[in-house]
Amino acid sequence: DALTGLPNRLLLGDRMRQAIAQTRRADHLLAVCYLDLDNFKPINDSLGHEAGDALLVEIARRLKGCVRGGDTVARLGGDEFVLLLTELTHIDECEAVLDRILATIGMPCAIAGHKVSVSGSIGLTLFPLDDADPDTLLRHADQAMYKSKQTGRSCYHLFNAEQDRRARAHHEALQRIEKALHNGEFVLHYQPQVDLRAGRVVGAEALIRWQDPERGLLPPGAFLPDVERHDLIVALGEWVIDAGLQQLGRWQAQGLDLQVSVNIAARHLQREDFVERLRALIDARPNVTVAGRLELEVVESTAIEDMSRIPHLIEECRALGIGFAIDDFGIGYSSLTYFKTLPVDTLKIDQSFIRDMLKDPDDLAIVEGVIGLSKVFRRRVIAEGVETVEHGIALLGLGCDLAQGWGIARPMPADDFATWVRGWQPDPAWSAVSRSHWPREDIQLLVAENNHRAWVDRIANLLAGIGDGTLPETDPHACRFGQWYDTLGRLRHGTIPEFAAIDAVHRRIHAIGTDALDLHAAGRDAEARNLLPELFRLREELVAHLHALQSSVATLP
């Protein structure tokens, strides 16, 4: 190098090849270190290039004094240097040298009559742990150096091959997603939102899918994490809004009066021009009635992240006729003050609470609390993750009428949605509880009938060769119905005559069911099936007792 007398880039390449060969033979470690001076440019600009050159010469002298005779210090140009530290047996040796280098570089020096100080950021990679060619080793050390600068400068950072692999995979994923968006490979599936009490479909949540030509239909979890911190999420979000508006227009032309909910990412919502671009998308679809028919869903943490701006933004959207929903409500950290301040229309109870509400009293209490809050603050409330008829029964008993989940329907292509809507019928069990509100302690009474029916159905299906062959619980005290009857049921309703009448019938059902299973296990299936009529008769007798009990409880003060 003409200025410092250090090896230049060309000579460095030769030294690296020699060092790699030597390291392989000796079974040692080679550290390839990429050093960039911090704050060099301000000094060079303020004191002049001659002073800058003098500083570089002094730094080169200091670097040579920090390494051993067999090591290499090279200058690539500007304020960038490379060090090759050879014959290392452990990374601790390398760290000691780098600590010494950073301390030496940071010492003040006199340049052109001024006392100046600089620091250094170092990135390093270790061969053969990083078993790459010289050019790749330099690139890896350079990448690590930038990580060092991001960390805070005057420090060093070791290249991580796994991090590099993830970074490259992430970059490639972004390119594939951008290409897929350009090629029209994304589609929307729609999950129905229904009114359990009224027995009608009220809307649909639009959920993005990627129809990858090679990998097939991919759920959002397979690609959205790659873009949620990239501006590509904005392009995807606008595509979803536009596609949802198009589909809304088609359904309106078919006479379907529905609301479409669209998920909005935090990065998208936080753009300064969000409302302006949303208005442009709406104006581009003049044939679509948007007012009261388009709802934007944001997760709870996003909704309260910028309370100085988000309420105003929501009001601007509402002026366009667009509603807002807080998604996954209950898993965030919003206070009642936030909740009162946010002018949202809908709360969506997170599915994690709905899924376990029938067996976890705490989750049931949370669900009841959110439903109560929604009524106090006059918000709509939708339960996500409704997977069974029992979930619907419990929600109706608690006063939550709106629901979505696999127990109602899975997300489906738009072409299938209209047919599904016209053919959907609510479960008859929901009608039985739709005219009353039940205290949380009696929700299990509402689902007891379905638990009991499900137990008998498992017996019948097993004898018919249907299902996975798993045997139902034969102990009348251990099945779900029996557990309720012996504990909370007895505590709440033990003094009511209708409750006492249930026990004998329940025990008789289990006895006949156990006999049928024993006959089935012995290969005497015909005899086992002969017991089914009596089993079904007793089932209906128990259900009649339950209905009588429900009526008695419902009339209690």
# chains A, B, ... in the order shown; residues from 1 in each chain; ligands from 1
$ select_by_dssp --residues "region 102-289 of chain A" --states "strand (DSSP E or B)" --output "number ranges by chain"
A: 109-111, 114-116, 119-127, 156-158, 186-195, 200-212, 216-218, 259-263
$ residues_around --residues "region 480-492 of chain A" --least-positions-apart "5" --cutoff "6 Å" --atoms "only C-alpha atoms" --output "PDB file with N, CA and C atoms, in the first residue's frame"
ATOM      1  N   ALA A 448     -73.552 -29.933  29.240  1.00  0.00           N
ATOM      2  CA  ALA A 448     -73.597 -31.310  29.733  1.00  0.00           C
ATOM      3  C   ALA A 448     -74.333 -32.237  28.777  1.00  0.00           C
ATOM      4  N   ASN A 451     -72.040 -33.176  25.967  1.00  0.00           N
ATOM      5  CA  ASN A 451     -71.008 -34.098  26.434  1.00  0.00           C
ATOM      6  C   ASN A 451     -71.561 -35.516  26.542  1.00  0.00           C
ATOM      7  N   HIS A 452     -72.776 -35.617  27.052  1.00  0.00           N
ATOM      8  CA  HIS A 452     -73.403 -36.926  27.205  1.00  0.00           C
ATOM      9  C   HIS A 452     -73.721 -37.550  25.834  1.00  0.00           C
TER      10      HIS A 452
END
$ closest_residue --among "A:Ala526, A:Ile371, A:Leu102, A:Ile459" --to "Ile512 (chain A)" --atoms "only C-alpha atoms"
A:Ile459
$ select_by_dssp --residues "region 151-229 of chain A" --states "alpha helix (DSSP H)" --output "number ranges by chain"
A: 151, 161-182, 224-227
$ residues_around --residues "Arg168 (chain A)" --least-positions-apart "6" --cutoff "12 Å" --atoms "only C-alpha atoms" --output "JSON list (two decimals) with all heavy atoms, in the first residue's frame"
[["chain", "number", "residue", "atom", "x", "y", "z"],
["A", 143, "GLN", "N", -19.46, -8.41, 6.89],
["A", 143, "GLN", "CA", -20.83, -8.43, 7.43],
["A", 143, "GLN", "C", -20.82, -8.33, 8.95],
["A", 143, "GLN", "O", -21.63, -7.60, 9.55],
["A", 143, "GLN", "CB", -21.55, -9.71, 7.00],
["A", 143, "GLN", "CG", -21.85, -9.78, 5.51],
["A", 143, "GLN", "CD", -22.44, -11.12, 5.11],
["A", 143, "GLN", "OE1", -22.76, -11.94, 5.96],
["A", 143, "GLN", "NE2", -22.56, -11.35, 3.82],
["A", 161, "ALA", "N", -22.45, -18.14, 11.09],
["A", 161, "ALA", "CA", -22.85, -18.76, 9.82],
["A", 161, "ALA", "C", -24.35, -19.00, 9.76],
["A", 161, "ALA", "O", -24.98, -18.84, 8.72],
["A", 161, "ALA", "CB", -22.09, -20.07, 9.62],
["A", 162, "GLU", "N", -24.94, -19.37, 10.91],
["A", 162, "GLU", "CA", -26.38, -19.63, 10.92],
["A", 162, "GLU", "C", -27.16, -18.34, 10.70],
["A", 162, "GLU", "O", -28.16, -18.32, 9.98],
["A", 162, "GLU", "CB", -26.79, -20.28, 12.24],
["A", 162, "GLU", "CG", -28.28, -20.55, 12.39],
["A", 162, "GLU", "CD", -28.85, -21.46, 11.31],
["A", 162, "GLU", "OE1", -28.08, -22.24, 10.73],
["A", 162, "GLU", "OE2", -30.06, -21.36, 11.06],
["A", 174, "LEU", "N", -38.06, -12.85, 0.50],
["A", 174, "LEU", "CA", -38.65, -11.57, 0.11],
["A", 174, "LEU", "C", -38.74, -11.45, -1.41],
["A", 174, "LEU", "O", -39.75, -10.97, -1.95],
["A", 174, "LEU", "CB", -37.83, -10.41, 0.67],
["A", 174, "LEU", "CG", -37.91, -10.17, 2.18],
["A", 174, "LEU", "CD1", -36.94, -9.07, 2.60],
["A", 174, "LEU", "CD2", -39.33, -9.80, 2.59],
["A", 175, "GLN", "N", -37.70, -11.90, -2.10],
["A", 175, "GLN", "CA", -37.71, -11.83, -3.56],
["A", 175, "GLN", "C", -38.81, -12.72, -4.13],
["A", 175, "GLN", "O", -39.51, -12.34, -5.07],
["A", 175, "GLN", "CB", -36.35, -12.26, -4.11],
["A", 175, "GLN", "CG", -35.24, -11.24, -3.86],
["A", 175, "GLN", "CD", -33.92, -11.68, -4.45],
["A", 175, "GLN", "OE1", -33.51, -12.85, -4.35],
["A", 175, "GLN", "NE2", -33.21, -10.75, -5.08],
["A", 226, "ASP", "N", -41.98, -13.37, 7.10],
["A", 226, "ASP", "CA", -40.84, -12.87, 6.33],
["A", 226, "ASP", "C", -41.01, -11.42, 5.92],
["A", 226, "ASP", "O", -40.02, -10.75, 5.60],
["A", 226, "ASP", "CB", -40.64, -13.73, 5.06],
["A", 226, "ASP", "CG", -40.12, -15.12, 5.38],
["A", 226, "ASP", "OD1", -39.25, -15.23, 6.25],
["A", 226, "ASP", "OD2", -40.59, -16.09, 4.76]]
$ residues_around --residues "Asp231 (chain A)" --least-positions-apart "3" --cutoff "9 Å" --atoms "only C-alpha atoms" --output "compact mmCIF listing (two decimals) with C-alpha atoms, in the first residue's frame"
# COMPACT_ATOMS: atom_id res chain seq x y z
CA VAL A 227 -42.47 -9.56 5.36
CA GLU A 228 -44.04 -8.13 8.51
CA VAL A 234 -47.73 -2.72 2.84
CA ALA A 235 -48.03 -3.87 -0.77
CA ARG A 267 -46.16 -1.43 9.69
CA HIS A 268 -48.97 -0.78 7.21
$ residues_around --residues "Val260 (chain A)" --least-positions-apart "5" --cutoff "12 Å" --atoms "only C-alpha atoms" --output "CSV table (one decimal) with C-alpha atoms, in the first residue's frame"
chain,number,residue,atom,x,y,z
A,188,LEU,CA,-58.1,-14.8,-0.4
A,189,HIS,CA,-60.0,-17.4,1.6
A,190,TYR,CA,-63.0,-16.4,3.7
A,191,GLN,CA,-64.0,-17.7,7.1
A,192,PRO,CA,-67.7,-17.1,8.0
A,193,GLN,CA,-68.7,-15.0,11.0
A,201,VAL,CA,-74.2,-15.4,8.5
A,202,VAL,CA,-73.2,-11.8,9.1
A,203,GLY,CA,-69.8,-11.5,7.6
A,204,ALA,CA,-66.4,-13.1,6.7
A,205,GLU,CA,-62.8,-12.6,7.6
A,206,ALA,CA,-60.5,-12.4,4.5
A,207,LEU,CA,-57.4,-14.5,5.0
A,240,VAL,CA,-55.7,-7.8,0.4
A,241,ILE,CA,-57.9,-4.7,0.8
A,242,ASP,CA,-58.4,-4.3,-2.9
A,243,ALA,CA,-59.2,-8.0,-3.4
A,244,GLY,CA,-61.6,-7.9,-0.5
A,245,LEU,CA,-63.4,-4.9,-2.0
A,246,GLN,CA,-63.7,-6.7,-5.4
A,247,GLN,CA,-65.2,-9.8,-3.7
A,248,LEU,CA,-67.5,-7.7,-1.6
A,249,GLY,CA,-68.8,-6.1,-4.9
A,251,TRP,CA,-71.4,-10.7,-3.3
A,252,GLN,CA,-73.4,-7.5,-3.3
A,288,VAL,CA,-69.0,-1.4,-4.1
A,289,THR,CA,-71.0,-0.3,-1.1
A,290,VAL,CA,-68.3,0.1,1.5
A,291,ALA,CA,-70.1,1.9,4.4
A,292,GLY,CA,-70.7,-0.6,7.2
A,293,ARG,CA,-69.4,-3.4,5.0
A,294,LEU,CA,-65.6,-3.2,5.4
A,295,GLU,CA,-63.9,-3.7,8.7
A,296,LEU,CA,-60.1,-3.4,9.4
A,297,GLU,CA,-58.7,-5.7,12.0
A,322,ILE,CA,-65.0,1.7,7.6
A,323,GLY,CA,-65.1,0.0,10.9
A,324,PHE,CA,-62.3,-1.2,13.1
A,325,ALA,CA,-61.9,-4.4,15.2
A,414,ALA,CA,-64.6,-17.2,-2.5
$ residues_around --residues "Ile91 (chain A)" --least-positions-apart "5" --cutoff "10 Å" --atoms "only C-alpha atoms" --output "list in words"
Leu29, Leu30, Ala31, Ala96 and Leu126 of chain A
$ write_last_selection --atoms "all heavy atoms" --output "PDB file, in the first residue's frame"
ATOM      1  N   LEU A  29      -6.601 -22.348  14.342  1.00  0.00           N
ATOM      2  CA  LEU A  29      -7.638 -21.422  13.900  1.00  0.00           C
ATOM      3  C   LEU A  29      -6.992 -20.212  13.236  1.00  0.00           C
ATOM      4  O   LEU A  29      -5.915 -19.760  13.655  1.00  0.00           O
ATOM      5  CB  LEU A  29      -8.492 -20.938  15.077  1.00  0.00           C
ATOM      6  CG  LEU A  29      -9.396 -21.966  15.775  1.00  0.00           C
ATOM      7  CD1 LEU A  29     -10.051 -21.323  16.998  1.00  0.00           C
ATOM      8  CD2 LEU A  29     -10.459 -22.493  14.822  1.00  0.00           C
ATOM      9  N   LEU A  30      -7.634 -19.701  12.217  1.00  0.00           N
ATOM     10  CA  LEU A  30      -7.225 -18.467  11.554  1.00  0.00           C
ATOM     11  C   LEU A  30      -8.361 -17.459  11.719  1.00  0.00           C
ATOM     12  O   LEU A  30      -9.505 -17.735  11.353  1.00  0.00           O
ATOM     13  CB  LEU A  30      -6.954 -18.707  10.061  1.00  0.00           C
ATOM     14  CG  LEU A  30      -6.872 -17.461   9.171  1.00  0.00           C
ATOM     15  CD1 LEU A  30      -5.642 -16.621   9.539  1.00  0.00           C
ATOM     16  CD2 LEU A  30      -6.842 -17.862   7.694  1.00  0.00           C
ATOM     17  N   ALA A  31      -8.049 -16.291  12.284  1.00  0.00           N
ATOM     18  CA  ALA A  31      -9.043 -15.227  12.424  1.00  0.00           C
ATOM     19  C   ALA A  31      -8.862 -14.215  11.306  1.00  0.00           C
ATOM     20  O   ALA A  31      -7.777 -13.635  11.154  1.00  0.00           O
ATOM     21  CB  ALA A  31      -8.913 -14.550  13.784  1.00  0.00           C
ATOM     22  N   ALA A  96      -8.268 -11.533  23.057  1.00  0.00           N
ATOM     23  CA  ALA A  96      -7.260 -10.733  23.757  1.00  0.00           C
ATOM     24  C   ALA A  96      -6.566  -9.771  22.802  1.00  0.00           C
ATOM     25  O   ALA A  96      -6.317  -8.602  23.140  1.00  0.00           O
ATOM     26  CB  ALA A  96      -6.239 -11.666  24.418  1.00  0.00           C
ATOM     27  N   LEU A 126     -13.825 -17.080  11.790  1.00  0.00           N
ATOM     28  CA  LEU A 126     -12.778 -18.040  12.141  1.00  0.00           C
ATOM     29  C   LEU A 126     -12.760 -19.200  11.156  1.00  0.00           C
ATOM     30  O   LEU A 126     -13.778 -19.874  10.957  1.00  0.00           O
ATOM     31  CB  LEU A 126     -13.010 -18.573  13.562  1.00  0.00           C
ATOM     32  CG  LEU A 126     -12.901 -17.557  14.697  1.00  0.00           C
ATOM     33  CD1 LEU A 126     -13.296 -18.192  16.020  1.00  0.00           C
ATOM     34  CD2 LEU A 126     -11.483 -17.000  14.780  1.00  0.00           C
TER      35      LEU A 126
END
$ residues_around --residues "Val97 (chain A)" --least-positions-apart "2" --cutoff "12 Å" --atoms "only C-alpha atoms" --output "JSON, numbers by chain"
{"A": [31, 33, 63, 64, 65, 66, 67, 68, 71, 83, 84, 85, 86, 88, 90, 91, 92, 93, 94, 95, 99, 100, 101, 102, 103, 104, 122, 156]}
$ write_last_selection --atoms "N, CA, C and O atoms" --output "tab-separated table (two decimals), in the first residue's frame"
chain	number	residue	atom	x	y	z
A	31	ALA	N	-8.05	-16.29	12.28
A	31	ALA	CA	-9.04	-15.23	12.42
A	31	ALA	C	-8.86	-14.21	11.31
A	31	ALA	O	-7.78	-13.64	11.15
A	33	CYS	N	-10.05	-10.69	10.27
A	33	CYS	CA	-10.67	-9.55	10.95
A	33	CYS	C	-10.77	-8.36	10.00
A	33	CYS	O	-9.77	-7.97	9.38
A	63	LEU	N	-1.41	-0.78	14.58
A	63	LEU	CA	-1.91	-2.13	14.31
A	63	LEU	C	-0.77	-3.13	14.19
A	63	LEU	O	-0.85	-4.25	14.72
A	64	LYS	N	0.31	-2.75	13.50
A	64	LYS	CA	1.46	-3.66	13.36
A	64	LYS	C	2.08	-3.96	14.71
A	64	LYS	O	2.59	-5.05	14.95
A	65	GLY	N	2.02	-2.98	15.63
A	65	GLY	CA	2.60	-3.20	16.94
A	65	GLY	C	1.76	-4.10	17.83
A	65	GLY	O	2.23	-4.55	18.88
A	66	CYS	N	0.50	-4.37	17.44
A	66	CYS	CA	-0.40	-5.19	18.26
A	66	CYS	C	-0.39	-6.67	17.87
A	66	CYS	O	-0.99	-7.49	18.59
A	67	VAL	N	0.22	-7.03	16.74
A	67	VAL	CA	0.15	-8.41	16.26
A	67	VAL	C	1.53	-9.04	16.26
A	67	VAL	O	2.55	-8.35	16.37
A	68	ARG	N	1.55	-10.35	16.09
A	68	ARG	CA	2.81	-11.09	16.06
A	68	ARG	C	3.43	-11.06	14.67
A	68	ARG	O	2.76	-10.68	13.69
A	71	ASP	N	1.58	-12.77	11.79
A	71	ASP	CA	0.25	-12.25	11.45
A	71	ASP	C	0.36	-11.21	10.34
A	71	ASP	O	1.46	-10.75	9.99
A	83	LEU	N	-6.95	-7.83	9.21
A	83	LEU	CA	-5.92	-8.50	9.99
A	83	LEU	C	-6.10	-10.00	9.87
A	83	LEU	O	-7.24	-10.50	9.97
A	84	LEU	N	-5.01	-10.72	9.67
A	84	LEU	CA	-5.01	-12.17	9.68
A	84	LEU	C	-4.25	-12.62	10.91
A	84	LEU	O	-3.04	-12.41	11.02
A	85	LEU	N	-4.94	-13.20	11.86
A	85	LEU	CA	-4.32	-13.68	13.09
A	85	LEU	C	-4.20	-15.19	13.00
A	85	LEU	O	-5.21	-15.90	12.96
A	86	THR	N	-2.99	-15.68	12.94
A	86	THR	CA	-2.74	-17.10	12.64
A	86	THR	C	-2.35	-17.87	13.89
A	86	THR	O	-2.08	-17.29	14.95
A	88	LEU	N	-3.91	-19.70	16.02
A	88	LEU	CA	-4.72	-19.59	17.24
A	88	LEU	C	-5.21	-20.98	17.65
A	88	LEU	O	-5.60	-21.80	16.81
A	90	HIS	N	-7.45	-21.16	20.37
A	90	HIS	CA	-8.75	-20.92	20.99
A	90	HIS	C	-9.17	-19.50	20.69
A	90	HIS	O	-8.33	-18.60	20.54
A	91	ILE	N	-10.48	-19.28	20.67
A	91	ILE	CA	-10.99	-17.94	20.35
A	91	ILE	C	-10.58	-16.91	21.41
A	91	ILE	O	-10.48	-15.72	21.13
A	92	ASP	N	-10.30	-17.37	22.64
A	92	ASP	CA	-9.89	-16.43	23.68
A	92	ASP	C	-8.61	-15.70	23.28
A	92	ASP	O	-8.44	-14.51	23.62
A	93	GLU	N	-7.70	-16.37	22.59
A	93	GLU	CA	-6.48	-15.71	22.14
A	93	GLU	C	-6.81	-14.57	21.19
A	93	GLU	O	-6.21	-13.48	21.27
A	94	CYS	N	-7.75	-14.82	20.30
A	94	CYS	CA	-8.15	-13.79	19.34
A	94	CYS	C	-8.79	-12.61	20.06
A	94	CYS	O	-8.50	-11.45	19.75
A	95	GLU	N	-9.64	-12.90	21.05
A	95	GLU	CA	-10.32	-11.82	21.77
A	95	GLU	C	-9.33	-10.93	22.49
A	95	GLU	O	-9.49	-9.70	22.56
A	99	ASP	N	-9.08	-6.94	21.83
A	99	ASP	CA	-9.22	-5.96	22.92
A	99	ASP	C	-8.04	-5.01	22.93
A	99	ASP	O	-8.21	-3.79	23.13
A	100	ARG	N	-6.84	-5.56	22.71
A	100	ARG	CA	-5.64	-4.72	22.71
A	100	ARG	C	-5.65	-3.75	21.52
A	100	ARG	O	-5.28	-2.58	21.66
A	101	ILE	N	-6.10	-4.25	20.38
A	101	ILE	CA	-6.16	-3.40	19.18
A	101	ILE	C	-7.13	-2.24	19.40
A	101	ILE	O	-6.82	-1.08	19.10
A	102	LEU	N	-8.33	-2.52	19.90
A	102	LEU	CA	-9.32	-1.47	20.10
A	102	LEU	C	-8.84	-0.43	21.11
A	102	LEU	O	-9.06	0.78	20.94
A	103	ALA	N	-8.18	-0.91	22.18
A	103	ALA	CA	-7.65	0.03	23.17
A	103	ALA	C	-6.55	0.89	22.57
A	103	ALA	O	-6.48	2.11	22.83
A	104	THR	N	-5.69	0.30	21.74
A	104	THR	CA	-4.58	1.05	21.15
A	104	THR	C	-5.08	2.07	20.14
A	104	THR	O	-4.62	3.21	20.10
A	122	ILE	N	-14.80	-3.88	14.54
A	122	ILE	CA	-14.14	-5.06	13.95
A	122	ILE	C	-15.16	-6.18	13.79
A	122	ILE	O	-15.93	-6.48	14.71
A	156	TYR	N	-16.14	-5.59	18.75
A	156	TYR	CA	-15.99	-6.56	17.67
A	156	TYR	C	-17.16	-7.54	17.71
A	156	TYR	O	-17.81	-7.72	18.73
$ atom_distance --atom1 "CA of Pro220 (chain A)" --atom2 "CA of Gln425 (chain A)"
29.0 Å
$ atom_distance --atom1 "CA of Thr151 (chain A)" --atom2 "CA of Ser121 (chain A)"
9.5 Å
$ closest_residue --among "A:Val505, A:Leu364, A:Ile326, A:Ile59" --to "Ser352 (chain A)" --atoms "only C-alpha atoms"
A:Leu364
$ closest_residue --among "A:Val32, A:Ile111, A:Val299, A:Leu396" --to "Asp142 (chain A)" --atoms "only C-alpha atoms"
A:Val32
$ atom_distance --atom1 "CA of Leu446 (chain A)" --atom2 "CA of Asp475 (chain A)"
21.9 Å
